[in-house]
There are 2 protein chains.
Amino acid sequence: MLNGVSDLLEPDADALALTSVLQALADDQRLTIVRELAAQGEAACGAIDLDVSKATRSHHFKVLRESGLTHTRVEGTHRWVSLRRDDLDSRFPGLLDALLAAQPAR
Amino acid sequence: MLNGVSDLLEPDADALALTSVLQALADDQRLTIVRELAAQGEAACGAIDLDVSKATRSHHFKVLRESGLTHTRVEGTHRWVSLRRDDLDSRFPGLLDALLAAQPAR
DNA sequence: GCAGCAGTTCGACCGCGATCGAACACGTAT
DNA sequence: ATACGTGTTCGATCGCGGTCGAACTGCTGC
């Protein structure tokens, strides 16, 4: 790696596809991750406890990143993940807020 | 059929599951249907043109209905389908508006 | 009755995605 | 150098969902 800082490939805000975003969100594990990120701001992949293997966890983070939902910052041995709130709010105003406000079914 | 009027089984507003709703929305064909219903108010299944077979079309309407996104009213040989706007707005405030306002990717 | 139209259901096909263990890559601490 | 911790990648399995044609149901019109 030439530069010390390294971010992973993520789609431009303009290019975010609604279907891909919805697809990424339509999974309980990933919805958990998104909620946790919304609450914690930025978190290491492993810091969010899911009841799946490392490989599966990594897969879910990849789906979130490639759909444009999250930003990933590489630092040492950790990957710091955060929600792309600004990009999402500008591209799909109100969507994220609506999701995070959703109450569990009664 | 005993009574003339007949509606199909649909989940209660309280019971709508976010994941199921998102899953139902995470498909281009179904997103097209939802947008069309939002624009037209109520439409017959066949009145929305999709580039799929009758069977597939029927499948998509079923997914939308069972996730709680649409209401279906049976009248003669037609099925009139409409968005459950009120239920969705009360269960997931802002979600539908955000979806319908979404612009295509640039 | 019979034909035709609207829509569903059935069975099958097929690809995609969620999942896992194992191997790997990379950074860090000893 | 060795070992460990964090996370990714690979290959495989497996179930689910989108798709179709064909058969079916139910209503309407002739």
# chains A, B, ... in the order shown; residues from 1 in each chain; ligands from 1
>>> interface_residues(of="chain C", to="chain A", cutoff="8 Å", atoms="only C-alpha atoms (C1' of nucleotides)", output="PDB file with N, CA and C atoms (P, O5', C5', C4', C3', O3' and C1' of nucleotides), in the first residue's frame")
ATOM      1  P    DA C  18     -27.681 -12.475   1.827  1.00  0.00           P
ATOM      2  O5'  DA C  18     -27.728 -13.403   3.110  1.00  0.00           O
ATOM      3  C5'  DA C  18     -28.853 -14.231   3.346  1.00  0.00           C
ATOM      4  C4'  DA C  18     -28.429 -15.433   4.170  1.00  0.00           C
ATOM      5  C3'  DA C  18     -27.372 -15.157   5.231  1.00  0.00           C
ATOM      6  O3'  DA C  18     -27.757 -15.774   6.452  1.00  0.00           O
ATOM      7  C1'  DA C  18     -26.650 -16.900   3.794  1.00  0.00           C
ATOM      8  P    DT C  19     -26.892 -15.617   7.760  1.00  0.00           P
ATOM      9  O5'  DT C  19     -25.955 -16.884   7.751  1.00  0.00           O
ATOM     10  C5'  DT C  19     -26.529 -18.202   7.828  1.00  0.00           C
ATOM     11  C4'  DT C  19     -25.486 -19.247   7.549  1.00  0.00           C
ATOM     12  C3'  DT C  19     -24.163 -19.047   8.295  1.00  0.00           C
ATOM     13  O3'  DT C  19     -24.196 -19.702   9.537  1.00  0.00           O
ATOM     14  C1'  DT C  19     -23.883 -19.893   6.050  1.00  0.00           C
ATOM     15  P    DC C  20     -22.979 -19.485  10.572  1.00  0.00           P
ATOM     16  O5'  DC C  20     -21.889 -20.546  10.094  1.00  0.00           O
ATOM     17  C5'  DC C  20     -22.258 -21.924  10.023  1.00  0.00           C
ATOM     18  C4'  DC C  20     -21.171 -22.710   9.332  1.00  0.00           C
ATOM     19  C3'  DC C  20     -19.796 -22.495   9.936  1.00  0.00           C
ATOM     20  O3'  DC C  20     -19.476 -23.574  10.798  1.00  0.00           O
ATOM     21  C1'  DC C  20     -19.757 -22.464   7.512  1.00  0.00           C
ATOM     22  P    DC C  26      -0.846  -8.938   2.441  1.00  0.00           P
ATOM     23  O5'  DC C  26      -0.976  -8.091   3.783  1.00  0.00           O
ATOM     24  C5'  DC C  26      -2.258  -7.609   4.172  1.00  0.00           C
ATOM     25  C4'  DC C  26      -2.248  -7.227   5.638  1.00  0.00           C
ATOM     26  C3'  DC C  26      -0.929  -6.599   6.112  1.00  0.00           C
ATOM     27  O3'  DC C  26      -1.223  -5.375   6.722  1.00  0.00           O
ATOM     28  C1'  DC C  26      -1.695  -8.229   7.641  1.00  0.00           C
ATOM     29  P    DG C  27      -0.065  -4.247   6.876  1.00  0.00           P
ATOM     30  O5'  DG C  27      -0.139  -3.929   8.439  1.00  0.00           O
ATOM     31  C5'  DG C  27      -1.393  -3.570   9.001  1.00  0.00           C
ATOM     32  C4'  DG C  27      -1.440  -3.959  10.467  1.00  0.00           C
ATOM     33  C3'  DG C  27      -0.294  -3.397  11.319  1.00  0.00           C
ATOM     34  O3'  DG C  27      -0.849  -2.697  12.415  1.00  0.00           O
ATOM     35  C1'  DG C  27      -0.554  -5.734  11.680  1.00  0.00           C
TER      36       DG C  27
END
>>> closest_atom_pairs(of="chain D", to="chain A", cutoff="10 Å", atoms="only C-alpha atoms (C1' of nucleotides)", output="tab-separated table")
residue	atom	partner	partner_atom	distance
D:DG5	C1'	A:Thr77	CA	8.0
D:DT6	C1'	A:Thr77	CA	5.5
D:DG7	C1'	A:Ser58	CA	7.3
D:DT8	C1'	A:Ser58	CA	7.2
D:DT9	C1'	A:Ala55	CA	8.8
>>> write_last_selection(atoms="N, CA, C and O atoms (P, O5', C5', C4', C3', O3' and C1' of nucleotides)", output="CSV table (one decimal), in the first residue's frame")
chain,number,residue,atom,x,y,z
D,5,DG,P,-5.2,-14.2,20.7
D,5,DG,O5',-5.7,-12.9,20.1
D,5,DG,C5',-4.9,-11.7,20.2
D,5,DG,C4',-5.5,-10.6,19.2
D,5,DG,C3',-7.0,-10.8,18.9
D,5,DG,O3',-7.6,-9.5,18.8
D,5,DG,C1',-5.7,-11.0,16.9
D,6,DT,P,-9.2,-9.5,18.5
D,6,DT,O5',-9.2,-9.0,17.0
D,6,DT,C5',-8.5,-7.8,16.6
D,6,DT,C4',-8.7,-7.6,15.1
D,6,DT,C3',-10.1,-7.8,14.6
D,6,DT,O3',-10.5,-6.7,13.8
D,6,DT,C1',-8.6,-9.0,13.3
D,7,DG,P,-12.1,-6.5,13.5
D,7,DG,O5',-12.1,-7.1,12.0
D,7,DG,C5',-11.4,-6.4,11.0
D,7,DG,C4',-11.1,-7.4,9.9
D,7,DG,C3',-12.3,-7.9,9.1
D,7,DG,O3',-12.4,-7.2,7.9
D,7,DG,C1',-10.6,-9.6,9.3
D,8,DT,P,-13.5,-7.7,6.7
D,8,DT,O5',-12.7,-8.6,5.8
D,8,DT,C5',-11.5,-8.1,5.2
D,8,DT,C4',-10.9,-9.1,4.2
D,8,DT,C3',-11.8,-9.5,3.1
D,8,DT,O3',-11.1,-9.5,1.9
D,8,DT,C1',-10.9,-11.4,4.3
D,9,DT,P,-11.8,-9.8,0.5
D,9,DT,O5',-11.5,-11.3,0.2
D,9,DT,C5',-10.1,-11.7,0.2
D,9,DT,C4',-10.0,-13.2,-0.1
D,9,DT,C3',-10.9,-13.7,-1.2
D,9,DT,O3',-10.2,-14.5,-2.0
D,9,DT,C1',-11.2,-15.0,0.8
>>> interface_residues(of="chain B", to="chain A", cutoff="12 Å", atoms="only C-alpha atoms", output="PyMOL selection string")
chain B and resi 11-32+88-106
>>> write_last_selection(atoms="C-alpha atoms", output="PDB file, in the first residue's frame")
ATOM      1  CA  PRO B  11     -51.404  -9.057   8.224  1.00  0.00           C
ATOM      2  CA  ASP B  12     -52.630  -6.595  10.858  1.00  0.00           C
ATOM      3  CA  ALA B  13     -51.003  -3.193  10.831  1.00  0.00           C
ATOM      4  CA  ASP B  14     -49.428  -3.924  14.217  1.00  0.00           C
ATOM      5  CA  ALA B  15     -47.886  -7.123  12.976  1.00  0.00           C
ATOM      6  CA  LEU B  16     -46.041  -5.697   9.978  1.00  0.00           C
ATOM      7  CA  ALA B  17     -42.436  -6.845  10.111  1.00  0.00           C
ATOM      8  CA  LEU B  18     -39.839  -4.395   8.891  1.00  0.00           C
ATOM      9  CA  THR B  19     -37.640  -7.084   7.415  1.00  0.00           C
ATOM     10  CA  SER B  20     -40.516  -8.578   5.431  1.00  0.00           C
ATOM     11  CA  VAL B  21     -41.571  -5.169   4.178  1.00  0.00           C
ATOM     12  CA  LEU B  22     -38.035  -4.332   3.103  1.00  0.00           C
ATOM     13  CA  GLN B  23     -37.651  -7.726   1.501  1.00  0.00           C
ATOM     14  CA  ALA B  24     -40.836  -7.159  -0.447  1.00  0.00           C
ATOM     15  CA  LEU B  25     -39.615  -3.759  -1.574  1.00  0.00           C
ATOM     16  CA  ALA B  26     -36.150  -4.967  -2.551  1.00  0.00           C
ATOM     17  CA  ASP B  27     -37.153  -6.010  -6.048  1.00  0.00           C
ATOM     18  CA  ASP B  28     -37.395  -3.875  -9.157  1.00  0.00           C
ATOM     19  CA  GLN B  29     -40.638  -5.381 -10.378  1.00  0.00           C
ATOM     20  CA  ARG B  30     -42.342  -4.919  -7.037  1.00  0.00           C
ATOM     21  CA  LEU B  31     -40.940  -1.425  -6.623  1.00  0.00           C
ATOM     22  CA  THR B  32     -42.503  -0.599  -9.980  1.00  0.00           C
ATOM     23  CA  LEU B  88     -47.728   1.749   6.657  1.00  0.00           C
ATOM     24  CA  ASP B  89     -47.517   5.380   7.702  1.00  0.00           C
ATOM     25  CA  SER B  90     -48.605   4.568  11.228  1.00  0.00           C
ATOM     26  CA  ARG B  91     -46.373   1.522  11.521  1.00  0.00           C
ATOM     27  CA  PHE B  92     -43.297   2.931   9.748  1.00  0.00           C
ATOM     28  CA  PRO B  93     -43.698   6.710   9.627  1.00  0.00           C
ATOM     29  CA  GLY B  94     -41.927   8.286   6.681  1.00  0.00           C
ATOM     30  CA  LEU B  95     -40.799   5.046   5.087  1.00  0.00           C
ATOM     31  CA  LEU B  96     -43.202   5.031   2.169  1.00  0.00           C
ATOM     32  CA  ASP B  97     -42.733   8.743   1.519  1.00  0.00           C
ATOM     33  CA  ALA B  98     -38.984   8.306   1.460  1.00  0.00           C
ATOM     34  CA  LEU B  99     -39.238   5.457  -1.013  1.00  0.00           C
ATOM     35  CA  LEU B 100     -41.597   7.247  -3.348  1.00  0.00           C
ATOM     36  CA  ALA B 101     -39.512  10.382  -3.285  1.00  0.00           C
ATOM     37  CA  ALA B 102     -36.348   8.504  -4.236  1.00  0.00           C
ATOM     38  CA  GLN B 103     -34.773   9.638  -7.482  1.00  0.00           C
ATOM     39  CA  PRO B 104     -33.193   7.217  -9.948  1.00  0.00           C
ATOM     40  CA  ALA B 105     -29.401   6.963  -9.715  1.00  0.00           C
ATOM     41  CA  ARG B 106     -27.461   9.451 -11.812  1.00  0.00           C
TER      42      ARG B 106
END
>>> calpha_fit_and_write(fixed="chain B", moving="chain A", output="short mmCIF file (atom, residue, chain, number, x, y, z; two decimals) with C-alpha atoms, in the first residue's frame")
data_model
loop_
_atom_site.label_atom_id
_atom_site.label_comp_id
_atom_site.auth_asym_id
_atom_site.auth_seq_id
_atom_site.Cartn_x
_atom_site.Cartn_y
_atom_site.Cartn_z
CA MET A 1 -68.16 -17.95 -0.71
CA LEU A 2 -70.79 -16.94 1.82
CA ASN A 3 -70.63 -13.19 1.59
CA GLY A 4 -70.44 -11.40 -1.70
CA VAL A 5 -67.59 -9.19 -0.69
CA SER A 6 -64.29 -10.94 -0.21
CA ASP A 7 -60.93 -9.61 0.79
CA LEU A 8 -57.80 -11.67 0.93
CA LEU A 9 -55.84 -12.44 4.07
CA GLU A 10 -53.45 -9.68 5.02
CA PRO A 11 -51.42 -9.11 8.19
CA ASP A 12 -52.65 -6.66 10.81
CA ALA A 13 -51.03 -3.25 10.80
CA ASP A 14 -49.49 -3.99 14.20
CA ALA A 15 -47.93 -7.17 12.96
CA LEU A 16 -46.08 -5.73 9.97
CA ALA A 17 -42.46 -6.87 10.10
CA LEU A 18 -39.86 -4.41 8.89
CA THR A 19 -37.66 -7.10 7.41
CA SER A 20 -40.51 -8.59 5.41
CA VAL A 21 -41.57 -5.19 4.16
CA LEU A 22 -38.04 -4.33 3.10
CA GLN A 23 -37.64 -7.72 1.48
CA ALA A 24 -40.83 -7.15 -0.48
CA LEU A 25 -39.60 -3.75 -1.59
CA ALA A 26 -36.14 -4.95 -2.55
CA ASP A 27 -37.13 -5.99 -6.05
CA ASP A 28 -37.37 -3.86 -9.14
CA GLN A 29 -40.61 -5.36 -10.37
CA ARG A 30 -42.33 -4.90 -7.05
CA LEU A 31 -40.94 -1.42 -6.62
CA THR A 32 -42.48 -0.59 -9.97
CA ILE A 33 -45.81 -1.93 -8.78
CA VAL A 34 -45.64 0.07 -5.55
CA ARG A 35 -44.83 3.28 -7.44
CA GLU A 36 -47.66 2.65 -9.87
CA LEU A 37 -50.11 2.01 -7.04
CA ALA A 38 -48.99 5.18 -5.32
CA ALA A 39 -49.67 7.10 -8.52
CA GLN A 40 -52.93 5.43 -9.53
CA GLY A 41 -54.44 4.77 -6.13
CA GLU A 42 -56.11 1.49 -6.95
CA ALA A 43 -55.35 -0.74 -9.90
CA ALA A 44 -56.17 -4.16 -11.26
CA CYS A 45 -53.25 -6.59 -11.19
CA GLY A 46 -53.11 -6.83 -14.95
CA ALA A 47 -53.30 -3.08 -15.44
CA ILE A 48 -49.69 -2.60 -14.37
CA ASP A 49 -47.41 -3.61 -17.17
CA LEU A 50 -44.46 -5.71 -16.17
CA ASP A 51 -42.23 -7.67 -18.47
CA VAL A 52 -42.94 -10.99 -16.82
CA SER A 53 -45.41 -13.85 -17.21
CA LYS A 54 -48.81 -13.95 -15.56
CA ALA A 55 -47.54 -16.46 -13.01
CA THR A 56 -44.63 -14.28 -11.98
CA ARG A 57 -46.81 -11.21 -11.80
CA SER A 58 -49.20 -13.05 -9.52
CA HIS A 59 -46.29 -14.11 -7.36
CA HIS A 60 -45.12 -10.51 -6.92
CA PHE A 61 -48.58 -9.34 -5.93
CA LYS A 62 -48.75 -12.16 -3.41
CA VAL A 63 -45.44 -11.11 -1.84
CA LEU A 64 -46.63 -7.52 -1.58
CA ARG A 65 -49.94 -8.57 -0.05
CA GLU A 66 -48.45 -11.01 2.46
CA SER A 67 -45.82 -8.53 3.59
CA GLY A 68 -48.65 -6.12 4.34
CA LEU A 69 -47.82 -3.54 1.70
CA THR A 70 -51.00 -3.88 -0.29
CA HIS A 71 -54.70 -4.49 0.15
CA THR A 72 -56.57 -6.61 -2.36
CA ARG A 73 -60.26 -6.33 -3.05
CA VAL A 74 -61.94 -9.01 -5.09
CA GLU A 75 -64.67 -7.86 -7.44
CA GLY A 76 -65.97 -10.10 -10.16
CA THR A 77 -63.09 -11.33 -12.23
CA HIS A 78 -60.79 -8.52 -11.13
CA ARG A 79 -58.51 -8.05 -8.16
CA TRP A 80 -58.22 -4.42 -7.16
CA VAL A 81 -54.96 -3.71 -5.43
CA SER A 82 -54.04 -0.64 -3.41
CA LEU A 83 -51.27 0.49 -1.09
CA ARG A 84 -52.02 0.25 2.62
CA ARG A 85 -50.84 3.81 3.07
CA ASP A 86 -52.45 4.51 6.43
CA ASP A 87 -51.27 1.27 8.00
CA LEU A 88 -47.77 1.72 6.65
CA ASP A 89 -47.56 5.33 7.70
CA SER A 90 -48.67 4.52 11.22
CA ARG A 91 -46.44 1.49 11.52
CA PHE A 92 -43.36 2.89 9.75
CA PRO A 93 -43.76 6.67 9.63
CA GLY A 94 -41.98 8.26 6.70
CA LEU A 95 -40.85 5.03 5.10
CA LEU A 96 -43.23 5.03 2.17
CA ASP A 97 -42.78 8.73 1.54
CA ALA A 98 -39.03 8.30 1.49
CA LEU A 99 -39.27 5.47 -0.99
CA LEU A 100 -41.64 7.23 -3.34
CA ALA A 101 -39.55 10.39 -3.27
CA ALA A 102 -36.37 8.54 -4.20
CA GLN A 103 -34.80 9.68 -7.45
CA PRO A 104 -33.20 7.27 -9.91
CA ALA A 105 -29.41 7.03 -9.67
CA ARG A 106 -27.46 9.52 -11.77
#
>>> select_by_dssp(residues="chain A", states="strand (DSSP E)", output="VMD selection string")
chain A and resid 6 to 7 42 to 44 70 to 75 78 to 83
>>> select_by_dssp(residues="segment 30-88 of chain B", states="alpha helix (DSSP H)", output="MDAnalysis selection string")
chainID B and resid 30:40 54:67 85:88
>>> atom_distance(atom1="atom C1' of DG29 of chain D", atom2="atom C1' of DA3 of chain C")
9.0 Å
>>> residues_around(residues="DC14 of chain C", least_positions_apart="4", cutoff="12 Å", atoms="only C-alpha atoms (C1' of nucleotides)", output="JSON, numbers by chain")
{"D": [16, 17, 18, 19, 20]}
>>> write_last_selection(atoms="N, CA and C atoms (P, O5', C5', C4', C3', O3' and C1' of nucleotides)", output="short mmCIF file (atom, residue, chain, number, x, y, z; two decimals), in the first residue's frame")
data_model
loop_
_atom_site.label_atom_id
_atom_site.label_comp_id
_atom_site.auth_asym_id
_atom_site.auth_seq_id
_atom_site.Cartn_x
_atom_site.Cartn_y
_atom_site.Cartn_z
P DC D 16 -36.10 -22.63 3.01
"O5'" DC D 16 -36.21 -21.15 2.42
"C5'" DC D 16 -35.14 -20.23 2.65
"C4'" DC D 16 -35.10 -19.25 1.49
"C3'" DC D 16 -36.49 -18.93 0.91
"O3'" DC D 16 -36.57 -17.54 0.67
"C1'" DC D 16 -35.05 -19.64 -0.80
P DG D 17 -37.99 -16.85 0.44
"O5'" DG D 17 -37.81 -16.03 -0.91
"C5'" DG D 17 -36.59 -15.40 -1.22
"C4'" DG D 17 -36.45 -15.25 -2.73
"C3'" DG D 17 -37.76 -14.90 -3.44
"O3'" DG D 17 -37.44 -14.05 -4.52
"C1'" DG D 17 -36.92 -16.87 -4.32
P DG D 18 -38.49 -12.97 -5.03
"O5'" DG D 18 -38.24 -12.95 -6.59
"C5'" DG D 18 -36.93 -12.78 -7.09
"C4'" DG D 18 -36.86 -13.31 -8.51
"C3'" DG D 18 -38.06 -12.97 -9.39
"O3'" DG D 18 -37.59 -12.57 -10.66
"C1'" DG D 18 -37.78 -15.31 -9.29
P DT D 19 -38.58 -12.05 -11.80
"O5'" DT D 19 -38.89 -13.35 -12.66
"C5'" DT D 19 -37.86 -13.95 -13.42
"C4'" DT D 19 -38.30 -15.28 -13.94
"C3'" DT D 19 -39.67 -15.31 -14.61
"O3'" DT D 19 -39.55 -14.96 -15.97
"C1'" DT D 19 -39.18 -17.30 -13.34
P DC D 20 -40.91 -14.80 -16.85
"O5'" DC D 20 -41.30 -16.30 -17.20
"C5'" DC D 20 -40.36 -17.09 -17.93
"C4'" DC D 20 -40.83 -18.53 -17.98
"C3'" DC D 20 -42.24 -18.70 -18.53
"O3'" DC D 20 -42.17 -19.03 -19.91
"C1'" DC D 20 -41.85 -20.06 -16.57
#
